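Next comes input_35.cif, with mmCIF, C-alpha atoms.
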data_my_file
#
loop_
_atom_site.label_atom_id
_atom_site.label_comp_id
_atom_site.auth_asym_id
_atom_site.auth_seq_id
_atom_site.Cartn_x
_atom_site.Cartn_y
_atom_site.Cartn_z
CA MET H 1 -22.55 -0.43 10.70
CA PRO H 2 -18.88 0.43 10.10
CA THR H 3 -17.28 -0.87 6.91
CA ALA H 4 -13.84 -1.04 5.32
CA ALA H 5 -12.03 -1.00 1.99
CA PHE H 6 -9.20 -3.49 1.49
CA PHE H 7 -6.44 -2.70 -1.02
CA ASP H 8 -3.73 -4.96 -2.35
CA LEU H 9 -0.51 -2.94 -2.61
CA ASP H 10 1.73 -4.08 -5.47
CA LYS H 11 0.37 -3.16 -8.94
CA THR H 12 -2.88 -1.99 -7.32
CA ILE H 13 -1.77 1.07 -5.34
CA ILE H 14 1.81 1.22 -6.60
CA ALA H 15 3.17 0.26 -10.00
CA LYS H 16 5.69 -2.42 -8.96
CA SER H 17 6.70 -4.79 -6.17
CA SER H 18 7.08 -2.76 -2.96
CA THR H 19 9.71 -5.14 -1.56
CA LEU H 20 11.90 -5.26 -4.68
CA ALA H 21 11.64 -1.48 -5.07
CA PHE H 22 13.96 -1.06 -2.07
CA ASN H 23 16.76 -3.30 -3.33
CA LYS H 24 19.10 -0.47 -4.34
CA PRO H 25 18.81 1.27 -0.94
CA PHE H 26 19.32 -2.12 0.71
CA GLN H 27 22.48 -2.58 -1.37
CA ALA H 28 23.71 0.90 -0.43
CA GLY H 29 23.06 0.01 3.21
CA GLY H 30 25.24 -3.09 2.90
CA LEU H 31 22.42 -5.63 3.19
CA ILE H 32 22.61 -7.21 -0.27
CA SER H 33 25.16 -7.67 -3.03
CA ARG H 34 25.11 -6.23 -6.55
CA ARG H 35 24.42 -9.75 -7.86
CA ALA H 36 21.34 -9.97 -5.65
CA VAL H 37 20.16 -6.59 -6.95
CA LEU H 38 20.44 -7.87 -10.53
CA ARG H 39 18.53 -11.03 -9.61
CA SER H 40 15.86 -8.85 -8.00
CA ALA H 41 15.64 -6.66 -11.09
CA TYR H 42 15.02 -9.78 -13.18
CA ALA H 43 12.39 -11.00 -10.70
CA GLN H 44 10.72 -7.59 -10.91
CA PHE H 45 10.63 -7.80 -14.70
CA VAL H 46 9.09 -11.29 -14.65
CA TYR H 47 6.60 -10.17 -12.00
CA LEU H 48 5.46 -7.14 -14.01
CA ALA H 49 5.45 -8.85 -17.40
CA GLY H 50 3.73 -12.10 -16.53
CA GLY H 51 1.48 -11.34 -13.59
CA ALA H 52 1.77 -12.78 -10.11
CA ASP H 53 0.58 -16.35 -10.51
CA HIS H 54 1.05 -18.91 -7.75
CA ASP H 55 4.39 -20.24 -9.03
CA GLN H 56 5.88 -16.76 -9.37
CA MET H 57 4.69 -15.74 -5.92
CA GLU H 58 6.18 -18.89 -4.44
CA LYS H 59 9.51 -18.20 -6.13
CA MET H 60 9.35 -14.62 -4.90
CA ARG H 61 8.66 -15.81 -1.35
CA GLN H 62 11.59 -18.23 -1.38
CA PHE H 63 13.92 -15.66 -2.93
CA MET H 64 13.06 -12.89 -0.45
CA SER H 65 13.07 -15.10 2.64
CA GLN H 66 16.53 -16.48 1.73
CA LEU H 67 17.78 -13.02 0.80
CA CYS H 68 16.87 -11.35 4.09
CA ALA H 69 18.14 -14.10 6.42
CA GLY H 70 20.53 -12.47 8.89
CA TRP H 71 19.49 -8.89 8.13
CA ASP H 72 19.30 -6.51 11.08
CA VAL H 73 15.66 -5.47 11.48
CA ALA H 74 16.48 -2.00 12.84
CA THR H 75 18.69 -1.33 9.80
CA VAL H 76 15.90 -2.35 7.42
CA ARG H 77 13.43 -0.05 9.14
CA GLU H 78 15.91 2.82 9.08
CA ILE H 79 16.63 2.39 5.35
CA VAL H 80 12.93 2.21 4.51
CA ALA H 81 12.18 5.33 6.57
CA ASP H 82 15.06 7.29 4.99
CA THR H 83 14.25 6.38 1.37
CA LEU H 84 10.49 5.85 1.48
CA HIS H 85 9.36 8.97 -0.36
CA ASN H 86 12.12 8.85 -2.98
CA ILE H 87 11.39 5.19 -3.79
CA VAL H 88 7.61 4.93 -3.48
CA ASP H 89 6.48 8.48 -4.30
CA PRO H 90 6.81 8.15 -8.11
CA LEU H 91 5.09 4.74 -8.14
CA VAL H 92 1.72 5.56 -6.57
CA TYR H 93 -1.34 5.56 -8.80
CA ASP H 94 -3.37 8.77 -8.63
CA GLU H 95 -6.56 6.75 -9.09
CA ALA H 96 -5.75 4.64 -6.03
CA VAL H 97 -5.11 7.71 -3.88
CA SER H 98 -8.45 9.18 -4.99
CA LEU H 99 -10.23 5.93 -4.06
CA ILE H 100 -8.60 5.90 -0.63
CA GLU H 101 -9.77 9.46 -0.07
CA GLU H 102 -13.31 8.62 -1.22
CA HIS H 103 -13.56 5.67 1.14
CA HIS H 104 -12.37 7.81 4.04
CA ILE H 105 -14.92 10.48 3.20
CA ALA H 106 -17.59 7.76 3.19
CA GLY H 107 -16.51 6.80 6.72
CA ARG H 108 -14.78 3.53 5.84
CA GLU H 109 -11.47 2.36 7.25
CA VAL H 110 -8.79 1.64 4.66
CA VAL H 111 -6.70 -1.52 5.05
CA ILE H 112 -3.69 -2.38 2.88
CA VAL H 113 -3.29 -6.14 2.47
CA SER H 114 0.08 -7.16 1.06
CA ALA H 115 2.37 -10.17 0.74
CA SER H 116 5.34 -7.84 1.25
CA GLY H 117 6.95 -7.63 4.69
CA ALA H 118 5.43 -5.51 7.43
CA GLU H 119 8.60 -3.41 7.74
CA VAL H 120 7.98 -2.17 4.20
CA VAL H 121 4.17 -2.15 4.11
CA GLU H 122 3.54 -0.36 7.41
CA PRO H 123 5.41 2.88 6.56
CA ILE H 124 3.89 2.89 3.07
CA GLY H 125 0.46 2.52 4.67
CA THR H 126 1.17 5.45 6.97
CA MET H 127 2.33 7.55 4.02
CA LEU H 128 -0.89 6.74 2.13
CA GLY H 129 -3.11 7.46 5.11
CA ALA H 130 -4.29 3.85 5.53
CA ASP H 131 -5.83 3.01 8.89
CA ARG H 132 -4.10 -0.36 9.25
CA VAL H 133 -2.20 -2.99 7.26
CA ILE H 134 -2.15 -6.76 6.91
CA ALA H 135 1.33 -7.87 5.81
CA THR H 136 3.76 -10.76 5.87
CA GLN H 137 5.48 -11.21 9.24
CA MET H 138 9.05 -12.50 9.13
CA GLU H 139 10.47 -14.46 12.06
CA ILE H 140 12.83 -12.31 14.13
CA VAL H 141 15.35 -13.64 16.65
CA ASP H 142 17.73 -11.32 18.53
CA GLY H 143 16.81 -8.43 16.25
CA LYS H 144 17.60 -10.29 13.01
CA TYR H 145 15.52 -12.11 10.41
CA THR H 146 15.97 -15.86 10.46
CA GLY H 147 14.71 -16.36 6.89
CA GLU H 148 11.57 -18.09 8.16
CA ILE H 149 8.06 -16.65 7.88
CA ASP H 150 5.63 -16.42 10.80
CA PHE H 151 2.68 -15.31 8.68
CA TYR H 152 2.56 -15.16 4.88
CA ALA H 153 -0.11 -12.66 3.76
CA TYR H 154 -0.92 -14.46 0.54
CA ALA H 155 -3.97 -16.02 -1.17
CA ASP H 156 -6.29 -17.69 1.41
CA ASN H 157 -4.24 -16.23 4.27
CA LYS H 158 -5.21 -12.72 3.16
CA ALA H 159 -8.90 -13.59 3.22
CA ALA H 160 -8.58 -15.29 6.63
CA ALA H 161 -6.82 -12.24 8.10
CA MET H 162 -9.52 -9.98 6.66
CA ARG H 163 -12.26 -12.08 8.26
CA ASP H 164 -10.46 -12.05 11.61
CA LEU H 165 -10.04 -8.27 11.48
CA ALA H 166 -13.66 -7.77 10.43
CA ALA H 167 -14.81 -9.86 13.39
CA GLN H 168 -12.70 -7.73 15.74
CA LYS H 169 -13.92 -4.44 14.28
CA GLY H 170 -17.56 -5.40 13.73
CA TRP H 171 -17.41 -4.92 9.95
CA ASP H 172 -20.01 -6.55 7.73
CA LEU H 173 -17.83 -7.92 4.90
CA ASP H 174 -20.84 -8.04 2.59
CA ARG H 175 -20.80 -4.24 2.71
CA CYS H 176 -17.02 -3.92 2.39
CA PHE H 177 -14.86 -3.29 -0.69
CA ALA H 178 -11.69 -4.93 -2.00
CA TYR H 179 -9.27 -4.14 -4.82
CA SER H 180 -6.53 -6.27 -6.38
CA ASP H 181 -4.71 -6.95 -9.65
CA SER H 182 -3.85 -10.64 -9.18
CA SER H 183 -5.64 -13.94 -9.61
CA THR H 184 -3.88 -15.09 -6.43
CA ASP H 185 -6.11 -12.58 -4.59
CA VAL H 186 -9.40 -14.11 -5.70
CA PRO H 187 -10.04 -15.31 -2.09
CA MET H 188 -9.51 -11.73 -0.88
CA LEU H 189 -11.97 -10.39 -3.46
CA GLU H 190 -14.51 -13.13 -2.79
CA ALA H 191 -14.46 -12.26 0.93
CA VAL H 192 -16.28 -8.94 0.39
CA GLY H 193 -19.55 -7.84 -1.16
CA HIS H 194 -17.94 -5.26 -3.46
CA PRO H 195 -14.86 -6.71 -5.22
CA TYR H 196 -12.96 -4.78 -7.92
CA ALA H 197 -10.28 -6.05 -10.30
CA VAL H 198 -7.59 -3.39 -10.82
CA ASN H 199 -5.22 -3.72 -13.79
CA PRO H 200 -6.08 -7.43 -13.68
CA ASP H 201 -3.81 -10.18 -14.92
CA LYS H 202 -5.25 -12.53 -17.53
CA GLU H 203 -6.67 -15.04 -15.06
CA LEU H 204 -8.23 -12.43 -12.78
CA ARG H 205 -9.84 -10.72 -15.77
CA LYS H 206 -11.53 -14.04 -16.65
CA VAL H 207 -12.76 -14.46 -13.06
CA ALA H 208 -13.99 -10.85 -12.95
CA GLU H 209 -15.90 -11.24 -16.21
CA ALA H 210 -17.43 -14.54 -15.07
CA ASN H 211 -18.58 -13.00 -11.79
CA GLY H 212 -19.58 -9.58 -13.09
CA TRP H 213 -16.94 -7.78 -11.01
CA PRO H 214 -16.06 -4.24 -12.15
CA VAL H 215 -12.65 -3.83 -13.79
CA LEU H 216 -10.66 -0.66 -13.10
CA VAL H 217 -7.61 0.63 -14.96
CA PHE H 218 -5.06 2.62 -12.95
CA SER H 219 -2.39 4.26 -15.10
CA ARG H 220 -1.40 7.66 -13.68
CA PRO H 221 1.52 7.63 -11.22
CA VAL H 222 1.52 10.76 -9.08
CA ALA H 223 4.01 12.71 -6.96
CA LEU H 224 2.43 11.73 -3.68
CA ARG H 225 3.74 14.57 -1.53
CA GLY H 226 2.13 17.07 -3.87
CA ARG H 227 -1.00 14.94 -4.23
CA LEU H 228 -1.48 14.68 -0.47
CA ALA H 229 -0.63 18.30 0.33
CA PRO H 230 -2.49 19.31 3.52
CA LYS H 231 -5.82 21.01 2.83
CA PRO H 232 -6.93 23.94 5.01
CA THR H 233 -9.20 22.75 7.80
CA LEU H 234 -12.24 24.61 9.05
CA ALA H 235 -10.24 25.62 12.10
CA ALA H 236 -7.44 27.00 9.96
CA LEU H 237 -9.92 28.89 7.79
CA ALA H 238 -11.58 30.27 10.90
CA VAL H 239 -8.26 31.43 12.32
CA GLY H 240 -7.39 32.97 8.96
CA GLY H 241 -10.72 34.76 8.93
CA VAL H 242 -10.19 36.14 12.41
CA VAL H 243 -6.74 37.40 11.45
CA ALA H 244 -8.09 39.00 8.28
CA VAL H 245 -10.98 40.71 10.11
CA GLY H 246 -8.60 41.86 12.83
CA GLY H 247 -6.36 43.37 10.17
CA VAL H 248 -9.26 45.30 8.66
CA ILE H 249 -10.35 46.62 12.07
CA TRP H 250 -6.78 47.65 12.90
CA ALA H 251 -6.37 49.41 9.54
CA SER H 252 -9.70 51.24 9.91
CA ALA H 253 -8.86 52.40 13.43
CA ARG H 254 -5.43 53.57 12.30
CA LYS H 255 -7.01 55.51 9.43
CA ARG H 256 -9.47 57.22 11.80
CA ARG H 257 -6.66 58.18 14.15
CA SER H 258 -4.65 59.59 11.29
CA GLY H 259 -7.60 61.70 10.13
CA ALA H 260 -8.40 63.01 13.64
#

Starting from the file, give its structure as structure tokens.
Amino acid sequence: MPTAAFFDLDKTIIAKSSTLAFNKPFQAGGLISRRAVLRSAYAQFVYLAGGADHDQMEKMRQFMSQLCAGWDVATVREIVADTLHNIVDPLVYDEAVSLIEEHHIAGREVVIVSASGAEVVEPIGTMLGADRVIATQMEIVDGKYTGEIDFYAYADNKAAAMRDLAAQKGWDLDRCFAYSDSSTDVPMLEAVGHPYAVNPDKELRKVAEANGWPVLVFSRPVALRGRLAPKPTLAALAVGGVVAVGGVIWASARKRRSGA
């Protein structure tokens, strides 16, 4: 039966909040003020220092939904596309990229599950080679965010979306894998048969120890474009071999003609 590996994004695949990472490009694009950037920097510090407990995630949700009200969706997507590699590239954990590759080699689909907005998560997922994403969906009216949320990919909602997707794809969740850093993602981890705590906050570490879940430490950010450099395929190697053999035949024939 087909299976999947579900990855949280922030502090599991990348070393900080994916949404807040784009605040400076959003400021340069005229979407937010310098004051909002400073507030976001403080929120990022609190998020990284204290772990994403329920109260912090709720404050983050309120802050981001209020902040983006009135933003033009096309402008957001354009800014993310233009700055994606410069912003996210230095933040990706090498260990996470290796795990994604291993799951693909094993024939599993890779799903990124994140509370960040889809306009940020989807291009990051594409860059990482994920097969699909589950992300927060903001309400859009006339091409602009209203500040309301249609679907918040958080806590129990993550687990529910995973179960819905598994039902659609025919995945046996007992044979699937999940990775997260946060105690707010315990429902996501409990939804699969192979949960892993990655760089866990204090509460998740306690839950992992109580349940015998493996604990992983990711600590090596990597330059993703170099890390994911295309490898030669069998077809490319075959073509290269044909060219090389052809060159030898041509050189041998030329040598014979020269000696005749």

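Take atom CA of H:Gly143 and atom CA of H:Lys24: the distance between them is 22.2 Å.
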
Evaluate the PyMOL selection byres ((chain H and resi 14) around 6) on the structure here and hand back the selected residues as JSON, numbers by chain.
{"H": [10, 11, 12, 13, 15, 16, 91, 92, 93]}

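With only C-alpha atoms as the atoms that count, the residue of H:Pro195, H:Gly29, H:Pro2, H:Gly212 with the shortest distance to H:Ala178 is H:Pro195.
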
Residues within 9 Å of stretch 128-141 of chain H, all atoms listed in the file, excluding chain neighbours under 5 positions, as an MDAnalysis selection string
chainID H and resid 65 73 97 100:101 109:123 146:154 158 161:162 224 228

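Atom pair atom CA of H:His194 / atom CA of H:Ala5 has a distance of 9.1 Å (rounded to one decimal).
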
Residues matched by the PyMOL selection byres ((chain H and resi 31) around 12), written as number ranges by chain
H: 22-30, 32-37, 67-76, 79, 144-145

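In this model, the gap between atom CA of H:Ala159 and atom CA of H:Arg205 comes to 19.2 Å.
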
Report as a list in words all protein, DNA and RNA residues lying within 6 Å of H:Asp181, evaluated on all atoms listed in the file, omitting residues in the same chain fewer than 4 positions from it.
Thr12, Ala197, Val198, Asn199 and Pro200 of chain H

Could those residues be written to a file, using C-alpha atoms, as a compact mmCIF listing (two decimals), keeping the file's coordinate frame?
# COMPACT_ATOMS: atom_id res chain seq x y z
CA THR H 12 -2.88 -1.99 -7.32
CA ALA H 197 -10.28 -6.05 -10.30
CA VAL H 198 -7.59 -3.39 -10.82
CA ASN H 199 -5.22 -3.72 -13.79
CA PRO H 200 -6.08 -7.43 -13.68

Please complete stretch 124-138 of chain H with N, CA and C atoms and give it back as a compact mmCIF listing (two decimals), in the frame of the given file.
# COMPACT_ATOMS: atom_id res chain seq x y z
N ILE H 124 4.60 2.49 4.28
CA ILE H 124 3.89 2.89 3.07
C ILE H 124 2.42 3.15 3.41
N GLY H 125 1.84 2.31 4.24
CA GLY H 125 0.46 2.52 4.67
C GLY H 125 0.29 3.84 5.38
N THR H 126 1.22 4.17 6.26
CA THR H 126 1.17 5.45 6.97
C THR H 126 1.26 6.61 5.99
N MET H 127 2.16 6.50 5.01
CA MET H 127 2.33 7.55 4.02
C MET H 127 1.05 7.76 3.21
N LEU H 128 0.33 6.67 2.94
CA LEU H 128 -0.89 6.74 2.13
C LEU H 128 -2.12 7.10 2.95
N GLY H 129 -1.97 7.15 4.26
CA GLY H 129 -3.11 7.46 5.11
C GLY H 129 -4.00 6.27 5.41
N ALA H 130 -3.50 5.04 5.20
CA ALA H 130 -4.29 3.85 5.53
C ALA H 130 -4.46 3.75 7.04
N ASP H 131 -5.55 3.13 7.45
CA ASP H 131 -5.83 3.01 8.89
C ASP H 131 -5.10 1.84 9.53
N ARG H 132 -4.83 0.80 8.74
CA ARG H 132 -4.10 -0.36 9.25
C ARG H 132 -3.61 -1.18 8.07
N VAL H 133 -2.72 -2.14 8.33
CA VAL H 133 -2.20 -2.99 7.26
C VAL H 133 -2.24 -4.45 7.71
N ILE H 134 -2.36 -5.33 6.73
CA ILE H 134 -2.15 -6.76 6.91
C ILE H 134 -0.98 -7.11 6.01
N ALA H 135 0.11 -7.64 6.58
CA ALA H 135 1.33 -7.87 5.81
C ALA H 135 2.03 -9.13 6.30
N THR H 136 2.97 -9.59 5.49
CA THR H 136 3.76 -10.76 5.87
C THR H 136 4.64 -10.43 7.08
N GLN H 137 4.68 -11.38 8.02
CA GLN H 137 5.48 -11.21 9.24
C GLN H 137 6.64 -12.19 9.20
N MET H 138 7.85 -11.65 9.12
CA MET H 138 9.05 -12.50 9.13
C MET H 138 9.44 -12.86 10.56
